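Source file work_28.cif; content: mmCIF, C-alpha atoms.
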data_run
#
loop_
_atom_site.label_atom_id
_atom_site.label_comp_id
_atom_site.auth_asym_id
_atom_site.auth_seq_id
_atom_site.Cartn_x
_atom_site.Cartn_y
_atom_site.Cartn_z
CA MET A 1 2.78 8.68 47.10
CA ALA A 2 4.04 12.20 46.31
CA ILE A 3 7.37 10.76 45.14
CA LEU A 4 5.56 8.24 42.98
CA ASN A 5 3.40 10.94 41.41
CA TYR A 6 6.45 13.12 40.76
CA SER A 7 8.22 10.17 39.12
CA ASN A 8 5.19 9.52 36.88
CA ILE A 9 5.14 13.18 35.85
CA VAL A 10 8.85 13.11 34.98
CA ASN A 11 8.43 9.93 32.95
CA GLY A 12 5.46 11.45 31.16
CA VAL A 13 7.45 14.57 30.30
CA ASP A 14 10.33 12.43 29.01
CA ILE A 15 7.96 10.50 26.75
CA VAL A 16 6.47 13.73 25.36
CA ILE A 17 9.97 15.12 24.72
CA LYS A 18 10.99 11.93 22.87
CA ILE A 19 7.84 11.99 20.75
CA LYS A 20 8.43 15.63 19.81
CA LYS A 21 12.13 14.97 19.15
CA TYR A 22 11.67 11.98 16.88
CA GLY A 23 8.58 13.50 15.29
CA LEU A 24 10.70 16.53 14.38
CA ILE A 25 13.32 14.25 12.82
CA THR A 26 10.63 12.59 10.71
CA TYR A 27 9.25 15.97 9.63
CA ILE A 28 12.70 17.34 8.71
CA TYR A 29 13.53 14.38 6.50
CA PHE A 30 10.05 14.48 4.96
CA LYS A 31 10.78 18.07 3.92
CA GLN A 32 14.20 17.03 2.67
CA ALA A 33 12.64 14.31 0.51
CA ARG A 34 10.16 16.87 -0.80
CA MET A 35 13.02 19.21 -1.78
CA TYR A 36 14.76 16.43 -3.73
CA TRP A 37 11.60 14.92 -5.20
CA GLN A 38 13.32 14.42 -8.56
CA ASN A 39 15.32 11.57 -7.06
CA VAL A 40 12.14 9.84 -5.90
CA LEU A 41 10.58 10.46 -9.31
CA LEU A 42 13.46 8.74 -11.10
CA LEU A 43 13.26 5.82 -8.67
CA SER A 44 9.53 5.48 -9.35
CA ILE A 45 10.07 5.56 -13.12
CA SER A 46 12.78 2.91 -12.81
CA GLY A 47 10.53 0.72 -10.65
CA ILE A 48 7.58 1.07 -13.03
CA ILE A 49 9.73 0.18 -16.06
CA THR A 50 11.15 -2.89 -14.27
CA THR A 51 7.67 -4.02 -13.22
CA PHE A 52 6.28 -3.43 -16.71
CA ILE A 53 9.07 -5.53 -18.27
CA SER A 54 8.45 -8.36 -15.77
CA CYS A 55 4.71 -8.30 -16.51
CA SER A 56 5.37 -8.28 -20.27
CA ILE A 57 7.60 -11.34 -19.95
CA TRP A 58 4.89 -13.27 -18.09
CA MET A 59 2.26 -12.17 -20.61
CA ALA A 60 4.48 -13.53 -23.37
CA ILE A 61 4.91 -16.81 -21.45
CA TYR A 62 1.13 -17.19 -21.12
CA MET A 63 0.42 -16.11 -24.69
CA GLY A 64 -2.02 -18.51 -26.33
CA ARG A 65 -3.07 -20.17 -23.09
CA THR A 66 -6.68 -20.18 -21.95
CA ASN A 67 -5.98 -19.94 -18.19
CA ASN A 68 -6.42 -16.18 -17.79
CA ALA A 69 -7.03 -16.45 -14.02
CA GLU A 70 -3.54 -17.85 -13.49
CA LEU A 71 -2.02 -15.04 -15.54
CA GLU A 72 -3.97 -12.42 -13.56
CA ASN A 73 -2.72 -13.91 -10.28
CA THR A 74 0.86 -13.89 -11.53
CA ILE A 75 0.64 -10.27 -12.74
CA LYS A 76 -0.93 -9.23 -9.43
CA TYR A 77 1.87 -10.97 -7.55
CA ILE A 78 4.64 -9.34 -9.63
CA VAL A 79 3.09 -5.86 -9.39
CA PHE A 80 2.45 -6.11 -5.65
CA VAL A 81 5.88 -7.34 -4.53
CA ASN A 82 7.67 -4.85 -6.78
CA ILE A 83 5.58 -1.97 -5.44
CA ILE A 84 6.47 -2.97 -1.88
CA ASN A 85 10.14 -3.20 -2.81
CA MET A 86 10.00 0.17 -4.61
CA VAL A 87 8.23 2.08 -1.81
CA MET A 88 9.75 0.49 1.29
CA SER A 89 13.33 -0.33 0.33
CA ASN A 90 15.85 2.40 1.17
CA ASN A 91 19.18 0.64 0.52
CA LEU A 92 19.99 1.78 4.04
CA GLU A 93 23.07 -0.42 4.20
CA MET A 94 24.75 1.75 1.55
CA ASP A 95 24.15 4.90 3.63
CA ILE A 96 25.65 3.25 6.72
CA GLY A 97 28.62 1.95 4.71
CA LYS A 98 29.28 5.42 3.30
CA ARG A 99 29.26 6.98 6.77
CA VAL A 100 31.65 4.31 8.05
CA MET A 101 34.07 4.95 5.18
CA GLU A 102 33.90 8.73 5.67
CA GLY A 103 34.31 8.40 9.43
CA THR A 104 31.16 10.42 10.17
CA ILE A 105 29.64 7.38 11.90
CA ALA A 106 31.78 8.26 14.95
CA ILE A 107 29.96 11.60 15.27
CA ASP A 108 26.59 9.86 14.93
CA LEU A 109 27.42 7.47 17.76
CA LEU A 110 28.43 10.36 20.03
CA LYS A 111 25.13 12.19 19.58
CA PRO A 112 22.67 12.06 22.52
CA LEU A 113 20.31 9.96 20.38
CA ASN A 114 19.94 6.26 19.89
CA TYR A 115 21.52 5.74 16.46
CA ILE A 116 19.10 3.02 15.32
CA GLN A 117 16.05 5.00 16.43
CA TYR A 118 17.44 8.11 14.76
CA ILE A 119 17.83 6.29 11.43
CA PHE A 120 14.39 4.71 11.76
CA PHE A 121 12.53 8.00 12.15
CA GLN A 122 14.76 9.62 9.54
CA LYS A 123 13.79 6.99 6.96
CA PHE A 124 10.19 7.01 8.18
CA GLY A 125 9.90 10.60 6.93
CA LEU A 126 11.11 9.42 3.51
CA PHE A 127 8.67 6.51 3.68
CA ILE A 128 5.71 8.85 4.27
CA PHE A 129 6.78 11.01 1.35
CA LYS A 130 7.13 7.96 -0.91
CA ILE A 131 3.60 6.81 -0.04
CA LEU A 132 2.19 10.23 -0.93
CA PHE A 133 4.40 10.65 -4.00
CA PHE A 134 3.86 7.14 -5.37
CA THR A 135 0.07 7.21 -5.04
CA ILE A 136 -0.52 8.32 -8.64
CA PRO A 137 2.25 6.16 -10.26
CA ILE A 138 1.02 3.10 -8.35
CA TRP A 139 -2.57 3.81 -9.39
CA ILE A 140 -1.47 4.10 -13.03
CA LEU A 141 0.55 0.87 -12.75
CA CYS A 142 -2.43 -0.99 -11.26
CA CYS A 143 -4.75 0.33 -13.99
CA VAL A 144 -2.37 -0.63 -16.81
CA SER A 145 -1.83 -4.12 -15.38
CA GLN A 146 -5.55 -4.41 -14.46
CA VAL A 147 -4.71 -5.25 -10.85
CA SER A 148 -7.30 -4.39 -8.20
CA VAL A 149 -6.62 -4.55 -4.46
CA GLU A 150 -9.06 -3.69 -1.68
CA ILE A 151 -7.17 -2.26 1.29
CA ASN A 152 -8.41 -3.26 4.76
CA PHE A 153 -7.16 -2.69 8.32
CA ALA A 154 -5.29 -6.01 8.46
CA MET A 155 -3.39 -5.10 5.28
CA ILE A 156 -2.41 -1.72 6.73
CA ILE A 157 -1.02 -3.43 9.85
CA SER A 158 0.79 -5.92 7.62
CA LEU A 159 2.31 -3.11 5.53
CA LEU A 160 3.60 -1.35 8.65
CA LEU A 161 5.16 -4.60 9.87
CA THR A 162 6.66 -5.07 6.40
CA TYR A 163 8.28 -1.64 6.56
CA ILE A 164 9.82 -2.33 9.98
CA MET A 165 11.05 -5.76 8.85
CA ILE A 166 12.71 -4.34 5.72
CA PHE A 167 14.30 -1.60 7.84
CA THR A 168 15.62 -4.18 10.33
CA LEU A 169 16.98 -6.37 7.53
CA GLU A 170 18.79 -3.41 5.95
CA ILE A 171 20.24 -2.45 9.34
CA LEU A 172 21.57 -6.01 9.74
CA VAL A 173 23.32 -5.82 6.37
CA GLY A 174 24.54 -2.28 7.08
CA LEU A 175 26.18 -3.41 10.30
CA GLY A 176 28.46 -5.50 8.12
CA ALA A 177 30.21 -2.23 7.23
CA PHE A 178 31.32 -1.98 10.88
CA LEU A 179 33.41 -5.11 10.29
CA THR A 180 34.37 -4.88 6.61
CA THR A 181 34.30 -1.05 6.06
CA GLN A 182 32.83 -1.84 2.61
CA VAL A 183 29.24 -2.98 2.28
CA PHE A 184 28.69 -2.88 -1.49
CA GLY A 185 29.27 -6.62 -1.91
CA LEU A 186 26.98 -7.44 1.02
CA SER A 187 24.28 -5.20 -0.48
CA LEU A 188 24.47 -7.08 -3.78
CA VAL A 189 24.20 -10.40 -1.97
CA LYS A 190 21.19 -9.12 -0.01
CA SER A 191 19.44 -7.93 -3.19
CA SER A 192 20.10 -11.23 -4.96
CA ILE A 193 18.80 -13.29 -2.04
CA ILE A 194 15.65 -11.15 -1.77
CA ASN A 195 14.99 -11.35 -5.53
CA ILE A 196 15.13 -15.14 -5.36
CA ALA A 197 13.87 -16.04 -1.86
CA ALA A 198 11.07 -13.43 -1.76
CA GLY A 199 9.91 -14.14 -5.29
CA LEU A 200 10.50 -10.67 -6.72
CA THR A 201 11.68 -12.12 -10.03
CA ILE A 202 9.73 -15.39 -10.17
CA PRO A 203 6.68 -16.06 -7.94
CA LEU A 204 7.47 -18.54 -5.19
CA TYR A 205 4.71 -20.92 -6.29
CA ARG A 206 6.61 -21.33 -9.59
CA TYR A 207 9.62 -22.88 -7.87
CA PRO A 208 10.09 -26.66 -7.48
CA ASP A 209 8.50 -28.12 -4.34
CA THR A 210 11.85 -28.47 -2.54
CA LEU A 211 12.75 -24.80 -3.05
CA GLN A 212 9.22 -23.72 -2.12
CA THR A 213 9.55 -25.57 1.18
CA VAL A 214 12.88 -23.87 1.92
CA PHE A 215 11.85 -20.34 0.90
CA ASN A 216 8.43 -20.53 2.62
CA ASN A 217 10.22 -21.17 5.92
CA LEU A 218 12.49 -18.14 5.57
CA PRO A 219 11.51 -14.60 6.64
CA PHE A 220 11.75 -13.09 3.13
CA GLN A 221 8.39 -14.38 1.90
CA SER A 222 6.78 -13.08 5.09
CA ILE A 223 8.23 -9.64 4.42
CA TYR A 224 7.15 -9.23 0.81
CA CYS A 225 4.19 -11.58 0.33
CA SER A 226 2.19 -11.31 3.57
CA THR A 227 0.05 -8.32 2.57
CA LEU A 228 -0.78 -9.97 -0.75
CA ASN A 229 -1.66 -13.20 1.08
CA ILE A 230 -4.13 -11.26 3.23
CA SER A 231 -5.64 -9.73 0.08
CA ASN A 232 -5.98 -13.15 -1.58
CA GLY A 233 -7.15 -14.91 1.59
CA THR A 234 -4.26 -17.40 1.44
CA SER A 235 -1.28 -18.21 3.65
CA SER A 236 2.13 -19.72 3.01
CA ASN A 237 2.64 -23.42 3.60
CA ASN A 238 5.30 -23.40 6.32
CA VAL A 239 6.05 -24.59 9.85
CA ILE A 240 4.73 -21.44 11.55
CA GLN A 241 1.36 -21.68 9.80
CA SER A 242 1.13 -25.39 10.66
CA VAL A 243 1.75 -24.64 14.35
CA LEU A 244 -0.86 -21.87 14.30
CA ARG A 245 -3.44 -24.22 12.80
CA MET A 246 -2.62 -26.76 15.51
CA LEU A 247 -3.32 -24.01 18.06
CA GLY A 248 -6.73 -23.40 16.46
CA ILE A 249 -5.87 -20.18 14.59
CA TYR A 250 -7.41 -20.56 11.12
CA SER A 251 -8.04 -16.91 10.25
CA VAL A 252 -5.72 -15.91 7.40
CA LYS A 253 -5.46 -12.31 8.61
CA GLN A 254 -4.51 -13.33 12.14
CA SER A 255 -2.12 -16.11 11.15
CA VAL A 256 -0.27 -13.99 8.58
CA ILE A 257 0.17 -11.06 10.98
CA ILE A 258 1.30 -13.41 13.79
CA GLU A 259 3.87 -14.92 11.41
CA GLN A 260 5.14 -11.43 10.56
CA ILE A 261 5.40 -10.54 14.25
CA PHE A 262 7.38 -13.73 14.88
CA TRP A 263 9.89 -12.95 12.13
CA LEU A 264 10.08 -9.30 13.20
CA PHE A 265 10.91 -10.38 16.75
CA PHE A 266 13.57 -12.74 15.37
CA LEU A 267 15.15 -9.99 13.22
CA VAL A 268 15.07 -7.45 16.05
CA VAL A 269 16.76 -9.86 18.48
CA LEU A 270 19.35 -10.76 15.85
CA GLY A 271 19.91 -7.07 15.10
CA SER A 272 20.34 -6.21 18.79
CA ILE A 273 22.99 -8.91 19.20
CA ALA A 274 24.77 -7.80 16.00
CA TRP A 275 24.64 -4.13 17.11
CA ARG A 276 26.34 -4.90 20.43
CA ILE A 277 29.06 -6.94 18.72
CA CYS A 278 29.70 -4.55 15.83
CA LYS A 279 29.98 -1.41 17.98
CA ARG A 280 33.01 -2.94 19.72
CA ARG A 281 34.73 -3.81 16.44
CA LEU A 282 34.11 -0.62 14.50
CA THR A 283 36.97 0.40 12.19
CA ILE A 284 36.76 3.89 10.67
CA GLN A 285 38.45 5.04 7.49
CA GLY A 286 38.87 8.65 6.49
CA GLY A 287 37.71 11.40 8.90
#

What's the structure tokens form of this structure?
Amino acid sequence: MAILNYSNIVNGVDIVIKIKKYGLITYIYFKQARMYWQNVLLLSISGIITTFISCSIWMAIYMGRTNNAELENTIKYIVFVNIINMVMSNNLEMDIGKRVMEGTIAIDLLKPLNYIQYIFFQKFGLFIFKILFFTIPIWILCCVSQVSVEINFAMIISLLLTYIMIFTLEILVGLGAFLTTQVFGLSLVKSSIINIAAGLTIPLYRYPDTLQTVFNNLPFQSIYCSTLNISNGTSSNNVIQSVLRMLGIYSVKQSVIIEQIFWLFFLVVLGSIAWRICKRRLTIQGG
């Protein structure tokens, strides 16, 4: 019993040390983001301009039509998915590719820290700063576009899952640098696929039925559209939602979050397998 109690105490101390360690990493990179706030400001301006242009195009398309509700839904969709992309996307694959080309990735792997966890809490500090920094620009964007969203607990959970899913997806693309030593092309492919398959450029419900069926059964719509689906009280028409309805789960909030958890589990498993393979085939240029 004494040995068991001592073991529990040691495990508890280890957990506290890890929390303090990774919490410190998050705090350091939050301060770093605060020091270079001009970069975040320029990113926010770029995102707002892009979103404004997209909304203007759709307003021009609907000009003269009487269906204002459809236009409002489209504008809300465009604004929401672009805000998520602006706040949560870090282009992490480019950072990993740069470190592989410089050779500094070897030093990172030798540190007494899990590399993936280190990057996660590093970017989480930037994520917290973005949320605080983008509050006013997002509020202005919503007012200009006349978009109103009531945040609830389910949406907050969905947003956290969205952040982790985007992080995992960027890690997967970044691991390509371990094999190719150049990830710029992969990053462009990733951005193009997301713009199309997640509906960042054109809402998914505007695609032909065949493409809607394909894209609704991919993880991208779950990443970018789930929180909006919870807000609208709707869910995507895909296999996962059909299975959940067969199991008696009809709540939109529950079904959407369960779908996100499923795709997150899939991406994490895929990332773990890719991480084990890529570490053994790492080729370093430069340092």

| Computed interatomic separation between CA of Met86 (chain A) and CA of Glu72 (chain A) (Å) |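 The value is 20.8 Å.
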
| request: For a cut-off of 12 Å around (13.7, -10.9, 11.6), file coordinates, pick out all residues using all atoms listed in the file and list them as a ChimeraX atom specification. | output: /A:161-172,218-223,259-272

| field | Nearby residues, (4.3, -7.3, -8.8) file frame, 12 Å, only C-alpha atoms, as JSON, numbers by chain | value | {"A": [47, 48, 49, 50, 51, 52, 53, 54, 55, 56, 58, 72, 73, 74, 75, 76, 77, 78, 79, 80, 81, 82, 83, 84, 85, 86, 138, 141, 142, 145, 146, 147, 148, 195, 198, 199, 200, 201, 202, 203, 224, 225, 228]}

| query | To one decimal place, how far is CA of Ser158 (chain A) from CA of Asn232 (chain A) in Å? | reply |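 A separation of 13.5 Å between them.
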
| By how many Å are CA of Phe121 (chain A) and CA of Lys190 (chain A) apart? |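 Spanning CA of Phe121 (chain A) to CA of Lys190 (chain A) is a straight-line distance of 22.7 Å.
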
| Which residue, A:Gln122, A:Asn237, A:Ser242, A:Thr181, has the smallest gap to Met94 (chain A) when you use all atoms listed in the file? | A:Thr181

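Residues lying within 12 Å of Leu24 (chain A), counting all atoms listed in the file and ignoring same-chain neighbours fewer than 6 positions away, are Ile17, Lys18, Phe30, Lys31, Tyr118, Phe121, Gln122, Phe124 and Gly125 of chain A.
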
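Taking all atoms listed in the file into account, Arg99 (chain A) lies nearest to A:Leu175 out of the set A:Leu175, A:Tyr29, A:Ser255, A:Ala60.
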
| task | For Arg34 (chain A), list every protein, DNA or RNA residue within 9 Å, evaluated using all atoms listed in the file, and leave out those in the same chain fewer than 6 positions away; present the list as a count of residues only. | result | 3
